[in-house]
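Asker: Next up is a structure, given as C-alpha cells.
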Amino acid sequence: MSNDSKIRGSSFPTTQMSAIVGLRSDDLSLRFQAAELMAAVYWKPIYKYIRLKWNKSSDDAKDLTQGFFTRALEKDFFRSYDPSRARFRTFLRACVDGFVSNEEKAAHRVKRGGDCPIESVDFNSAEMEIEFSELPESSSMEDYFYREWIRSLFSMAVDILRQECASAGKTTQFEVFERYDLNEEGATGKKTYEAIASEVGIPVSQVTNYLAYARREFRRIVLEKLRELTASDEEFRNEARWVLGANLK
Amino acid sequence: MNWLNDEMVNHLREVSALPDLSGTPYRILRSLASGGMATVYLAEDAKLSRQVALKIMDVLAPSNEMASRMQTEARIIARLEHPGIVPIHDVGSLPDGRVFYVMKYVHGDDLTKYARKEGSLPERLRVFLKVCEAVAFAHAHGVIHRDLKPANIMVGAFGEVLVMDWGVAKILLTGDEGTQLSGDPYFQGEEGKATADETRLQPPGEIPAVPFVETLSGTVLGTPSYMAPEQALGQTSNHNQSTDVYSLGAILYFLLTHRHPHEGASIGQIRERFLRKQVLRPRDVVSNIPRPLEAVCMKSLATDPLDRYSKVEDLEADIEAYLSDLAVSAYRENVLEKAGRWFNRYRFIVLLLFAYMFVRFLVFFLARR
C-alpha cells in the first residue's frame, strides 16, 4: 500500500460510527479523525473533478484540493449538511464547486496551512490516472465525480482486504481474488478457475470458496465504509443499493 | 493504493452483488431475470455438470417470515409434479441467510417471444391448452398461481410448456388434498387446523372466503394487465381458481391479438375500468378473430368471478371444442354459423356426398337423353 491510502481513513473507529456525524462533533479530535476518512475517500475524486471540470492545472488543482479540506475544517462546512436534503457526496460536490468558484472570484489561490488531512497524498498517482483514462464529457462531470468516488472507495476496500487477509493468514484467498477479480484485462482476459487453481496450487473447488470468501469480505468492508461515509440509515441503504446493488430492506 | 480501472470497478460492483454460493455445488453464470423479491440466475451445477436456474432472494438478512415464504414456494412447486410445471431440484440457504432453490433451466422462449414467432393460431391455442392443463393440475392440488402471464410461461425447444414463478401462489385447502396438506408438518399452521369439511372448496360460482395456510405474498404484484379485478382492487380474500381463470383469459387475449389487455393503461386506469365493468373485446383489436374464440376470451375475462368459467377445465374444454370445430359453451351460434361449422367439420363427407350426387345426376341426365 502506498502513502496515499495509508494516510488515513481506514483507521476510523470500527464501531462504524458515521464520519459525517463526527465531522459535526464538538470534539476536535473526533472531528479531525472523521475528516481524515473523508479526505482518504474523497481527495482523489475531488482533485480529478477540479482538474477536469474547472480545467485547472495540476498545481492549481493540488492547492485547491488541499485548500478545500483545510477550509472545510476551519469553517465547519460540513455542519450545514442536512441528510434529509441530499446525499453527502452530492453535498460535497456542491461545496467543492462553491469553494472553487469563490476562489476564482477572489482571484487568489488559497494557501495551504493549518490542519490539512491530505498533506502527504500522492497527487502524481491521480495525475497518471487522469492521463490513462478516458476523459469525461463536460456535461457528465457529476457522473464522473461519483464514478471516481466509487473507484476511490473500492481501492480503499481492496487495500484493507489485503491487510486483513495478510494478518489472518489468508494470503492465498486474496491472491485468488486478485488474479480473478482484479484482472487488468477485464472480463475478456479472465483466467479460468482451473488456471488459477494450478497457478496458486489449490484444488479447483477451493477457487470458488476462496473467491466467495474474498468477495464477501470485500463487500463487508465496502458496506462498513459506506456506513461511515453516510449520515443516516436511509442514506446508507440508498448508497449501498447504488454502489453494490445491495438490497438492505 | 491500487489503481482500479473501469473494467475492474464494474466487475467488482457486479460480483459483490452476486450471492455467496460457497459450500454449494452451484456457480453463477449470469442473471436471467429479476423480480420484486428475488433474482433468477443461470448457474452451473458442478456435481452433475449441467445448467440450472437458481432463484435467490434479493433481501440480505431476511426475516424468518420471508425465508419461510421462499421455502414454501419451493415446496409448493416440488409438490406439483407435472410436465407443465417447472421441477425443483434443490433448496437451501446461503451463509447470509438468504434462501435459494434450484430449478430446471428451460431452454426456450417465454410465451411473449413464442407468440411473436408462431404464426399459426391453432398452434398457439395448443400451447395455451398445455398451460391450462398445468394450472388445472395445480388447482386440483389446492394451489392457485395468481401471477399467470406470458413472461411466466416458457415454451421449450421441443414444444414443452412450463409454468414458472410460483412466488405469489396461494394454497387453498380442499377436501382430501387439504387433509393431506395439513398432515404435512411443514404446512401446519393456525388455519391448517380447520377440518376437511370447513376447508372444502366452495361449489363453482360462489366466492368463498378461502381458508389458506400460507400466502406467499399479500401484496399486489405482477403485470397489471394480467391481474384479475379482485387482485387489482386488493380484495385478497376473494382469490380462488377463478382468479387464475381471469389471467388465463388475459393470456388468451394476448395470443389472439398480440397485445396485452389494457395495454398502455396505468394501474389506476385499469382499476377504473374494472369498477365500471368495461369489457375487453379482442375483435376491437383484430377484427377477424373467430367470434367463438372471442366469446371464450371474454367469458374468462368477466369482471365478476361468477360470470367466468368456474374451473379451468371448462375453459380448456371450450378451446378443445373450438379446435375440433365443435360448439363452444360460451357462444350461442346462429343457424348460418352452425351450418358453416358443421360444413367445416364434415367437409370431406359433404364434398364426397356432393360429388356422388353430381355423378348420379349426370348419369340420370345422360340416361334420359
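Here's how to read the names in the C-alpha cells: chain A, B, ... by the order shown, residue numbers from 1 in each chain, ligand numbers from 1 in the order shown.
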Just need the residues of chain B within 12 Å of chain A, counting only C-alpha atoms, so spit them out as a compact mmCIF listing (two decimals) with C-alpha atoms, in the first residue's frame.

Answerer:
```txt
# COMPACT_ATOMS: atom_id res chain seq x y z
CA MET B 1 -3.50 2.43 -3.23
CA ASN B 2 -4.04 0.25 -6.30
CA TRP B 3 -5.42 1.81 -9.46
CA LEU B 4 -8.64 0.08 -10.36
CA ASN B 5 -9.63 0.63 -13.96
CA ASP B 6 -13.24 0.93 -15.11
CA GLU B 7 -13.43 -2.76 -16.01
CA MET B 8 -12.33 -3.76 -12.52
CA VAL B 9 -14.69 -1.36 -10.80
CA ASN B 10 -17.62 -2.61 -12.87
CA HIS B 11 -16.62 -6.21 -12.31
CA LEU B 12 -16.32 -5.67 -8.54
CA ARG B 13 -19.73 -4.00 -8.43
CA GLU B 14 -21.18 -6.93 -10.29
CA VAL B 15 -19.55 -9.73 -8.31
CA SER B 16 -20.16 -8.03 -4.98
CA ALA B 17 -23.84 -8.09 -5.72
CA LEU B 18 -23.71 -11.80 -6.52
CA PRO B 19 -24.77 -14.19 -3.80
CA ASP B 20 -22.15 -16.20 -1.97
CA LEU B 21 -22.57 -19.78 -3.15
CA SER B 22 -19.59 -21.26 -1.33
CA GLY B 23 -20.43 -24.62 0.13
CA THR B 24 -22.90 -25.36 -2.69
CA PRO B 25 -22.15 -27.11 -5.97
CA TYR B 26 -23.52 -24.14 -7.92
CA ARG B 27 -21.65 -21.43 -9.74
CA ILE B 28 -23.45 -18.42 -11.15
CA GLY B 36 -39.83 -7.99 -6.79
CA MET B 37 -38.10 -10.11 -4.18
CA ALA B 38 -35.74 -12.47 -5.91
CA THR B 39 -33.39 -12.88 -8.83
CA ALA B 46 -20.67 -28.71 -10.77
CA LYS B 47 -21.75 -32.07 -9.37
CA MET B 57 -33.85 -13.89 -2.51
CA ASP B 58 -32.59 -10.36 -3.02
CA VAL B 59 -33.04 -9.21 0.54
CA LEU B 60 -29.97 -9.68 2.70
CA ALA B 61 -30.51 -10.91 6.23
CA PRO B 62 -34.14 -11.79 5.54
CA SER B 63 -36.65 -12.19 8.31
CA MET B 66 -39.52 -14.02 4.30
CA LEU B 94 -26.74 -19.11 1.78
CA PRO B 95 -24.31 -18.10 4.53
CA ASP B 96 -26.12 -14.73 4.79
CA ARG B 98 -30.96 -15.99 2.04
```

Asker: Counting only C-alpha atoms, which residue out of B:Gly108, B:Gly159, B:Gly234, B:Pro83 sits closest to B:Arg126?

Answerer: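 Result for the nearest residue to B:Arg126: B:Gly159.
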